[in-house]
Amino acid sequence: FLDSIIKRENMGSTSVYTGISIPHCDPKYVNRSQLGIITLEKPIQWGNNLIKVVLLIAITDEDLDITKDILINIYRKIEDKNFIEELWKSKTKDELISTFIDWRDDYDRK
């Protein structure tokens with residue numbers, strides 16, 4: 001699993017200009033689909049970008065089809081610097097989860 005993440009990162013940085021990195025691996029190494037998210041105390045250089053938040057995406061082959069819409073929504077959210085800033089400012093796990101789930105869920109409002 002870890003080797004697959006590192007191999008993917010070596011192909012090209014998964015950091016995004018908005019301040020988040022989204023490392024992921026080959027689904028064949030994933031036993032259970034999960035998202036892992038951490039906020040960093042201080043931003044770090046990751047590829048060409050300063051990163052404040054890391055979102056690890058682990059999706060099994062079996063779950064690729066049913067998670068497609070969720071992943072599209074996540075990718076839309078991470079394009080918003082304000083969203084990343086709100087995630088980064090989260091002080092508790094519950095606040096982080098709430099921000100992640102609730103942030104402008106209806107993307108069409110923009």
# chains A, B, ... in the order shown; residues from 1 in each chain; ligands from 1
>>> select_by_dssp(residues="segment 13-109 of chain A", states="alpha helix (DSSP H)", output="ChimeraX atom specification")
/A:64-77,81-89,93-102
>>> closest_residue(among="A:Ile20, A:Trp88, A:Glu95, A:Thr60", to="Glu41 of chain A", atoms="only C-alpha atoms")
A:Trp88
>>> closest_residue(among="A:Val53, A:Lys7, A:Tyr29, A:Gly47", to="Leu96 of chain A", atoms="only C-alpha atoms")
A:Val53
>>> closest_residue(among="A:Leu50, A:Ile101, A:Val16, A:Ile44", to="Asp80 of chain A", atoms="only C-alpha atoms")
A:Val16
>>> select_by_dssp(residues="chain A", states="strand (DSSP E)", output="list in words")
Ser15, Val16, Ile20, Ser21, Gln34, Leu35, Gly36, Ile37, Ile38, Thr39, Leu40, Glu41, Lys42, Pro43, Ile44, Gln45, Trp46, Asn49, Leu50, Ile51, Lys52, Val53, Val54, Leu55, Leu56, Ile57 and Ala58 of chain A
>>> residues_around(residues="segment 68-70 of chain A", least_positions_apart="3", cutoff="12 Å", atoms="only C-alpha atoms", output="JSON, numbers by chain")
{"A": [34, 35, 57, 59, 60, 61, 62, 63, 64, 65, 73, 74, 75, 76, 77, 100, 101, 105]}
>>> closest_residue(among="A:Ser21, A:Thr67, A:Asn31, A:Gln45", to="Glu9 of chain A", atoms="only C-alpha atoms")
A:Ser21
>>> decode(residues="segment 36-50 of chain A", atoms="all heavy atoms", output="mmCIF file, in the first residue's frame")
data_model
loop_
_atom_site.group_PDB
_atom_site.id
_atom_site.type_symbol
_atom_site.label_atom_id
_atom_site.label_comp_id
_atom_site.auth_asym_id
_atom_site.auth_seq_id
_atom_site.Cartn_x
_atom_site.Cartn_y
_atom_site.Cartn_z
ATOM 1 N N GLY A 36 -8.535 9.648 4.416
ATOM 2 C CA GLY A 36 -7.823 10.091 5.610
ATOM 3 C C GLY A 36 -7.439 11.539 5.403
ATOM 4 O O GLY A 36 -6.961 11.914 4.328
ATOM 5 N N ILE A 37 -7.664 12.377 6.408
ATOM 6 C CA ILE A 37 -7.362 13.796 6.253
ATOM 7 C C ILE A 37 -6.624 14.299 7.481
ATOM 8 O O ILE A 37 -6.982 13.961 8.609
ATOM 9 C CB ILE A 37 -8.640 14.614 5.976
ATOM 10 C CG1 ILE A 37 -8.315 16.058 5.638
ATOM 11 C CG2 ILE A 37 -9.618 14.506 7.116
ATOM 12 C CD1 ILE A 37 -9.480 16.829 5.060
ATOM 13 N N ILE A 38 -5.570 15.068 7.242
ATOM 14 C CA ILE A 38 -4.838 15.708 8.328
ATOM 15 C C ILE A 38 -4.583 17.155 7.972
ATOM 16 O O ILE A 38 -4.475 17.511 6.788
ATOM 17 C CB ILE A 38 -3.503 15.004 8.657
ATOM 18 C CG1 ILE A 38 -2.555 15.011 7.454
ATOM 19 C CG2 ILE A 38 -3.731 13.599 9.163
ATOM 20 C CD1 ILE A 38 -1.148 14.574 7.797
ATOM 21 N N THR A 39 -4.530 17.976 8.980
ATOM 22 C CA THR A 39 -4.122 19.361 8.804
ATOM 23 C C THR A 39 -2.744 19.509 9.438
ATOM 24 O O THR A 39 -2.449 18.873 10.455
ATOM 25 C CB THR A 39 -5.122 20.332 9.456
ATOM 26 O OG1 THR A 39 -5.223 20.047 10.856
ATOM 27 C CG2 THR A 39 -6.494 20.217 8.810
ATOM 28 N N LEU A 40 -1.917 20.303 8.829
ATOM 29 C CA LEU A 40 -0.550 20.483 9.296
ATOM 30 C C LEU A 40 -0.455 21.747 10.149
ATOM 31 O O LEU A 40 -1.111 22.754 9.849
ATOM 32 C CB LEU A 40 0.399 20.571 8.105
ATOM 33 C CG LEU A 40 0.324 19.393 7.125
ATOM 34 C CD1 LEU A 40 1.228 19.645 5.931
ATOM 35 C CD2 LEU A 40 0.691 18.093 7.825
ATOM 36 N N GLU A 41 0.341 21.684 11.179
ATOM 37 C CA GLU A 41 0.512 22.852 12.045
ATOM 38 C C GLU A 41 1.059 24.032 11.240
ATOM 39 O O GLU A 41 0.595 25.156 11.379
ATOM 40 C CB GLU A 41 1.455 22.507 13.190
ATOM 41 C CG GLU A 41 1.534 23.589 14.233
ATOM 42 C CD GLU A 41 2.350 23.144 15.432
ATOM 43 O OE1 GLU A 41 2.153 22.022 15.922
ATOM 44 O OE2 GLU A 41 3.187 23.963 15.861
ATOM 45 N N LYS A 42 2.046 23.740 10.401
ATOM 46 C CA LYS A 42 2.634 24.755 9.521
ATOM 47 C C LYS A 42 2.671 24.174 8.113
ATOM 48 O O LYS A 42 2.943 22.986 7.931
ATOM 49 C CB LYS A 42 4.058 25.090 9.964
ATOM 50 C CG LYS A 42 4.137 25.734 11.323
ATOM 51 C CD LYS A 42 5.567 26.005 11.695
ATOM 52 C CE LYS A 42 5.624 26.585 13.097
ATOM 53 N NZ LYS A 42 7.004 26.806 13.546
ATOM 54 N N PRO A 43 2.428 25.010 7.105
ATOM 55 C CA PRO A 43 2.497 24.517 5.717
ATOM 56 C C PRO A 43 3.882 23.970 5.387
ATOM 57 O O PRO A 43 4.889 24.437 5.927
ATOM 58 C CB PRO A 43 2.190 25.767 4.885
ATOM 59 C CG PRO A 43 1.451 26.675 5.809
ATOM 60 C CD PRO A 43 2.032 26.413 7.171
ATOM 61 N N ILE A 44 3.910 22.956 4.514
ATOM 62 C CA ILE A 44 5.169 22.377 4.048
ATOM 63 C C ILE A 44 5.231 22.457 2.529
ATOM 64 O O ILE A 44 4.197 22.510 1.869
ATOM 65 C CB ILE A 44 5.338 20.913 4.496
ATOM 66 C CG1 ILE A 44 4.218 20.025 3.919
ATOM 67 C CG2 ILE A 44 5.410 20.806 6.014
ATOM 68 C CD1 ILE A 44 4.452 18.529 4.087
ATOM 69 N N GLN A 45 6.426 22.468 2.010
ATOM 70 C CA GLN A 45 6.620 22.430 0.564
ATOM 71 C C GLN A 45 6.389 21.010 0.090
ATOM 72 O O GLN A 45 6.982 20.068 0.601
ATOM 73 C CB GLN A 45 8.035 22.882 0.204
ATOM 74 C CG GLN A 45 8.255 23.114 -1.261
ATOM 75 C CD GLN A 45 7.525 24.346 -1.769
ATOM 76 O OE1 GLN A 45 7.422 25.352 -1.089
ATOM 77 N NE2 GLN A 45 7.014 24.255 -2.979
ATOM 78 N N TRP A 46 5.484 20.844 -0.880
ATOM 79 C CA TRP A 46 5.178 19.516 -1.443
ATOM 80 C C TRP A 46 5.132 19.725 -2.945
ATOM 81 O O TRP A 46 4.203 20.337 -3.455
ATOM 82 C CB TRP A 46 3.845 19.026 -0.913
ATOM 83 C CG TRP A 46 3.463 17.614 -1.243
ATOM 84 C CD1 TRP A 46 3.526 16.994 -2.455
ATOM 85 C CD2 TRP A 46 2.902 16.655 -0.350
ATOM 86 N NE1 TRP A 46 3.042 15.719 -2.371
ATOM 87 C CE2 TRP A 46 2.651 15.478 -1.071
ATOM 88 C CE3 TRP A 46 2.562 16.680 1.003
ATOM 89 C CZ2 TRP A 46 2.099 14.344 -0.505
ATOM 90 C CZ3 TRP A 46 2.019 15.546 1.560
ATOM 91 C CH2 TRP A 46 1.797 14.388 0.816
ATOM 92 N N GLY A 47 6.136 19.268 -3.633
ATOM 93 C CA GLY A 47 6.233 19.579 -5.059
ATOM 94 C C GLY A 47 6.424 21.078 -5.205
ATOM 95 O O GLY A 47 7.270 21.672 -4.540
ATOM 96 N N ASN A 48 5.602 21.698 -6.022
ATOM 97 C CA ASN A 48 5.707 23.142 -6.252
ATOM 98 C C ASN A 48 4.802 23.967 -5.356
ATOM 99 O O ASN A 48 4.708 25.182 -5.529
ATOM 100 C CB ASN A 48 5.359 23.458 -7.719
ATOM 101 C CG ASN A 48 6.378 22.892 -8.677
ATOM 102 O OD1 ASN A 48 7.552 22.796 -8.363
ATOM 103 N ND2 ASN A 48 5.916 22.489 -9.850
ATOM 104 N N ASN A 49 4.121 23.346 -4.409
ATOM 105 C CA ASN A 49 3.097 24.045 -3.637
ATOM 106 C C ASN A 49 3.328 23.950 -2.133
ATOM 107 O O ASN A 49 3.905 22.980 -1.648
ATOM 108 C CB ASN A 49 1.724 23.443 -3.961
ATOM 109 C CG ASN A 49 1.409 23.534 -5.436
ATOM 110 O OD1 ASN A 49 1.273 24.613 -5.983
ATOM 111 N ND2 ASN A 49 1.311 22.386 -6.094
ATOM 112 N N LEU A 50 2.852 24.973 -1.426
ATOM 113 C CA LEU A 50 2.815 24.925 0.033
ATOM 114 C C LEU A 50 1.521 24.232 0.443
ATOM 115 O O LEU A 50 0.438 24.644 0.025
ATOM 116 C CB LEU A 50 2.858 26.335 0.628
ATOM 117 C CG LEU A 50 4.227 26.971 0.747
ATOM 118 C CD1 LEU A 50 4.102 28.398 1.285
ATOM 119 C CD2 LEU A 50 5.144 26.156 1.631
#
